[in-house]
Amino acid sequence: MKEIKGNLFDHIGSADAICITTNGFVKNNGECVMGKGCAKRATYLFPTIAHKLGTLIGVKGNIPIALFHKNKTWIYSFPVKPISDIFDGNNAVRHMKDKFKIGQSIPGWACVAAPALIKQSAKLLTAFIDTTNWTDIIIPRPGCGAGELNWATIKPMLDQYLDDRFSSITF
């Protein structure tokens with residue numbers, strides 16, 4: 001996997017696909033929570049994306065999902081946080097830890113990103129990409145922003161699955 005700097009959304013029209021890191025929590029109105037990072041930015045650029053992703057999570061589960069095609073570039077979800085989890089004292093993001101009690105269910109958007117889910121997302125996305133002739137897929141550093149994981153830990157794991165067709169972008 002290559003590493004590049006820039007704005008993920010500047011690659012719409014030139015990359016085969018860009019990935020939006022997401023959580024799996026769907027609100028009562030059917031929208032996936034997309035409140036931080038590139039997911040939040042995507043809601044400004046694509047006003048229907050949160051509802052579309054929420055609907056598709058309900059049908060397919062919390063997996064990478066092709067959301068739509070824009071100027072020759074596919075927009076994909078890349079799950080890094082679960083739908084929900086049971087609070088263990090460590091699996092909520094820093095600013096939410098004092099909001100939950102041990103054993104309580106917490107929504108995915110409040111969770112620290114899950115390395116096992118990131119690994120699953122990378123494997124599933126790569127399996128799909130292997131069926132295409134795509135050579136340029138751009139992905140932010142999964143779980144390393146609002147997911148509070150360390151890139152030095154996540155990158156080696158991703159390197160096992162994401163080859164030189166993939167570029168990790170940091171702003």
# chains A, B, ... in the order shown; residues from 1 in each chain; ligands from 1
>>> select_by_dssp(residues="range 14-121 of chain A", states="strand (DSSP E or B)", output="ChimeraX atom specification")
/A:17-22,26,32,66-70,73-79,84-86,92,105-107,111
>>> write_last_selection(atoms="N, CA and C atoms", output="CSV table (one decimal), in the first residue's frame")
chain,number,residue,atom,x,y,z
A,17,ALA,N,-11.8,4.2,-7.1
A,17,ALA,CA,-12.7,4.2,-5.9
A,17,ALA,C,-12.0,5.0,-4.8
A,18,ILE,N,-12.9,5.6,-4.0
A,18,ILE,CA,-12.4,6.2,-2.7
A,18,ILE,C,-13.2,5.5,-1.6
A,19,CYS,N,-12.6,5.4,-0.5
A,19,CYS,CA,-13.3,4.7,0.7
A,19,CYS,C,-13.5,5.8,1.8
A,20,ILE,N,-14.7,5.7,2.4
A,20,ILE,CA,-15.1,6.5,3.5
A,20,ILE,C,-15.1,5.6,4.7
A,21,THR,N,-14.3,6.0,5.7
A,21,THR,CA,-14.3,5.2,6.9
A,21,THR,C,-15.6,5.5,7.7
A,22,THR,N,-16.2,4.4,8.2
A,22,THR,CA,-17.6,4.5,8.8
A,22,THR,C,-17.7,3.6,10.0
A,26,VAL,N,-26.9,2.8,13.0
A,26,VAL,CA,-27.9,3.4,12.2
A,26,VAL,C,-29.0,4.0,13.2
A,32,CYS,N,-27.1,6.3,8.8
A,32,CYS,CA,-25.9,5.9,9.5
A,32,CYS,C,-25.3,7.2,10.1
A,66,ALA,N,-20.5,-0.6,-1.8
A,66,ALA,CA,-20.5,0.4,-2.9
A,66,ALA,C,-21.7,1.3,-2.7
A,67,LEU,N,-21.5,2.6,-2.5
A,67,LEU,CA,-22.6,3.5,-2.3
A,67,LEU,C,-23.1,4.2,-3.6
A,68,PHE,N,-22.2,4.7,-4.4
A,68,PHE,CA,-22.6,5.2,-5.7
A,68,PHE,C,-21.4,5.6,-6.5
A,69,HIS,N,-21.6,6.0,-7.7
A,69,HIS,CA,-20.6,6.3,-8.7
A,69,HIS,C,-20.7,7.8,-9.0
A,70,LYS,N,-19.5,8.5,-8.9
A,70,LYS,CA,-19.5,9.9,-9.2
A,70,LYS,C,-18.3,10.2,-10.0
A,73,THR,N,-15.7,7.6,-10.4
A,73,THR,CA,-15.1,7.1,-9.2
A,73,THR,C,-16.2,6.5,-8.3
A,74,TRP,N,-16.0,5.2,-7.9
A,74,TRP,CA,-17.0,4.6,-6.9
A,74,TRP,C,-16.7,5.1,-5.5
A,75,ILE,N,-17.7,5.3,-4.8
A,75,ILE,CA,-17.6,5.7,-3.4
A,75,ILE,C,-18.0,4.5,-2.5
A,76,TYR,N,-17.1,4.1,-1.7
A,76,TYR,CA,-17.3,2.9,-0.9
A,76,TYR,C,-17.3,3.2,0.6
A,77,SER,N,-18.1,2.5,1.4
A,77,SER,CA,-17.9,2.6,2.8
A,77,SER,C,-16.8,1.6,3.2
A,78,PHE,N,-16.1,1.9,4.3
A,78,PHE,CA,-15.0,1.1,4.8
A,78,PHE,C,-15.2,1.0,6.4
A,79,PRO,N,-16.0,0.1,6.9
A,79,PRO,CA,-16.3,0.1,8.3
A,79,PRO,C,-15.0,-0.1,9.2
A,84,SER,N,-22.5,-1.7,17.5
A,84,SER,CA,-22.5,-1.4,18.9
A,84,SER,C,-21.5,-2.3,19.6
A,85,ASP,N,-21.3,-2.1,20.8
A,85,ASP,CA,-20.4,-3.0,21.6
A,85,ASP,C,-20.8,-2.9,23.1
A,86,ILE,N,-20.3,-3.8,23.9
A,86,ILE,CA,-20.5,-3.7,25.3
A,86,ILE,C,-19.3,-3.0,25.9
A,92,ALA,N,-14.5,2.8,24.4
A,92,ALA,CA,-15.2,4.0,24.0
A,92,ALA,C,-14.1,5.1,23.8
A,105,SER,N,-24.4,-1.3,26.9
A,105,SER,CA,-24.2,-1.3,25.4
A,105,SER,C,-23.9,0.1,25.0
A,106,ILE,N,-22.9,0.3,24.1
A,106,ILE,CA,-22.6,1.6,23.6
A,106,ILE,C,-22.7,1.6,22.0
A,107,PRO,N,-23.2,2.7,21.5
A,107,PRO,CA,-23.3,2.8,20.0
A,107,PRO,C,-22.0,2.8,19.3
A,111,CYS,N,-17.5,4.1,19.9
A,111,CYS,CA,-16.5,3.1,20.1
A,111,CYS,C,-15.2,3.6,19.6
>>> residues_around(residues="Thr170 in chain A", least_positions_apart="6", cutoff="7 Å", atoms="only C-alpha atoms", output="MDAnalysis selection string")
chainID A and resid 4:6 140:141
>>> write_last_selection(atoms="N, CA and C atoms", output="PDB file, in the first residue's frame")
ATOM      1  N   ILE A   4       0.042   8.565   0.608  1.00  0.00           N
ATOM      2  CA  ILE A   4       0.023   9.856  -0.056  1.00  0.00           C
ATOM      3  C   ILE A   4      -0.565  10.903   0.891  1.00  0.00           C
ATOM      4  N   LYS A   5      -0.373  12.155   0.548  1.00  0.00           N
ATOM      5  CA  LYS A   5      -0.957  13.260   1.310  1.00  0.00           C
ATOM      6  C   LYS A   5      -1.934  14.003   0.412  1.00  0.00           C
ATOM      7  N   GLY A   6      -2.958  14.578   1.028  1.00  0.00           N
ATOM      8  CA  GLY A   6      -3.912  15.362   0.265  1.00  0.00           C
ATOM      9  C   GLY A   6      -5.316  15.190   0.785  1.00  0.00           C
ATOM     10  N   PRO A 140      -8.574   6.595   3.542  1.00  0.00           N
ATOM     11  CA  PRO A 140      -7.922   7.295   4.658  1.00  0.00           C
ATOM     12  C   PRO A 140      -7.273   6.269   5.590  1.00  0.00           C
ATOM     13  N   ARG A 141      -6.532   6.723   6.563  1.00  0.00           N
ATOM     14  CA  ARG A 141      -5.926   5.813   7.540  1.00  0.00           C
ATOM     15  C   ARG A 141      -7.033   5.243   8.427  1.00  0.00           C
TER      16      ARG A 141
END
>>> select_by_dssp(residues="range 65-134 of chain A", states="alpha helix (DSSP H)", output="PyMOL selection string")
chain A and resi 115-129
>>> closest_residue(among="A:Tyr44, A:Gly54, A:Ala113, A:Ile102", to="Asn29 in chain A", atoms="only C-alpha atoms")
A:Gly54
>>> closest_residue(among="A:Ser168, A:Ser121, A:Leu45, A:His51", to="Ile12 in chain A", atoms="only C-alpha atoms")
A:Leu45
>>> residues_around(residues="Asn23 in chain A", least_positions_apart="3", cutoff="8 Å", atoms="only C-alpha atoms", output="count of residues only")
11
>>> closest_residue(among="A:His95, A:Thr55, A:Ile139, A:Ile49", to="Asn28 in chain A", atoms="only C-alpha atoms")
A:Thr55
>>> closest_atom_pairs(of="range 16-114 of chain A", to="range 123-132 of chain A", cutoff="9 Å", atoms="only C-alpha atoms", output="CSV")
residue,atom,partner,partner_atom,distance
A:Ile63,CA,A:Leu124,CA,7.7
A:Pro64,CA,A:Leu125,CA,6.3
A:Ile65,CA,A:Leu125,CA,8.6
A:Phe78,CA,A:Leu125,CA,8.1
>>> residues_around(residues="Asp164 in chain A", least_positions_apart="3", cutoff="8 Å", atoms="only C-alpha atoms", output="list in words")
Met1, Lys2, Thr135 and Ser167 of chain A
>>> atom_distance(atom1="CA of Ser14 in chain A", atom2="CA of Asp136 in chain A")
8.4 Å
>>> closest_residue(among="A:Pro115, A:Gly30, A:Gly13, A:Pro142", to="Lys52 in chain A", atoms="only C-alpha atoms")
A:Gly30
>>> closest_residue(among="A:Ala114, A:Asn90, A:Gly61, A:Lys72", to="Cys144 in chain A", atoms="only C-alpha atoms")
A:Ala114
>>> closest_residue(among="A:Leu56, A:Ile169, A:Ile138, A:Ala122", to="Trp151 in chain A", atoms="only C-alpha atoms")
A:Ile169
>>> atom_distance(atom1="CA of Asn150 in chain A", atom2="CA of Gly35 in chain A")
20.3 Å
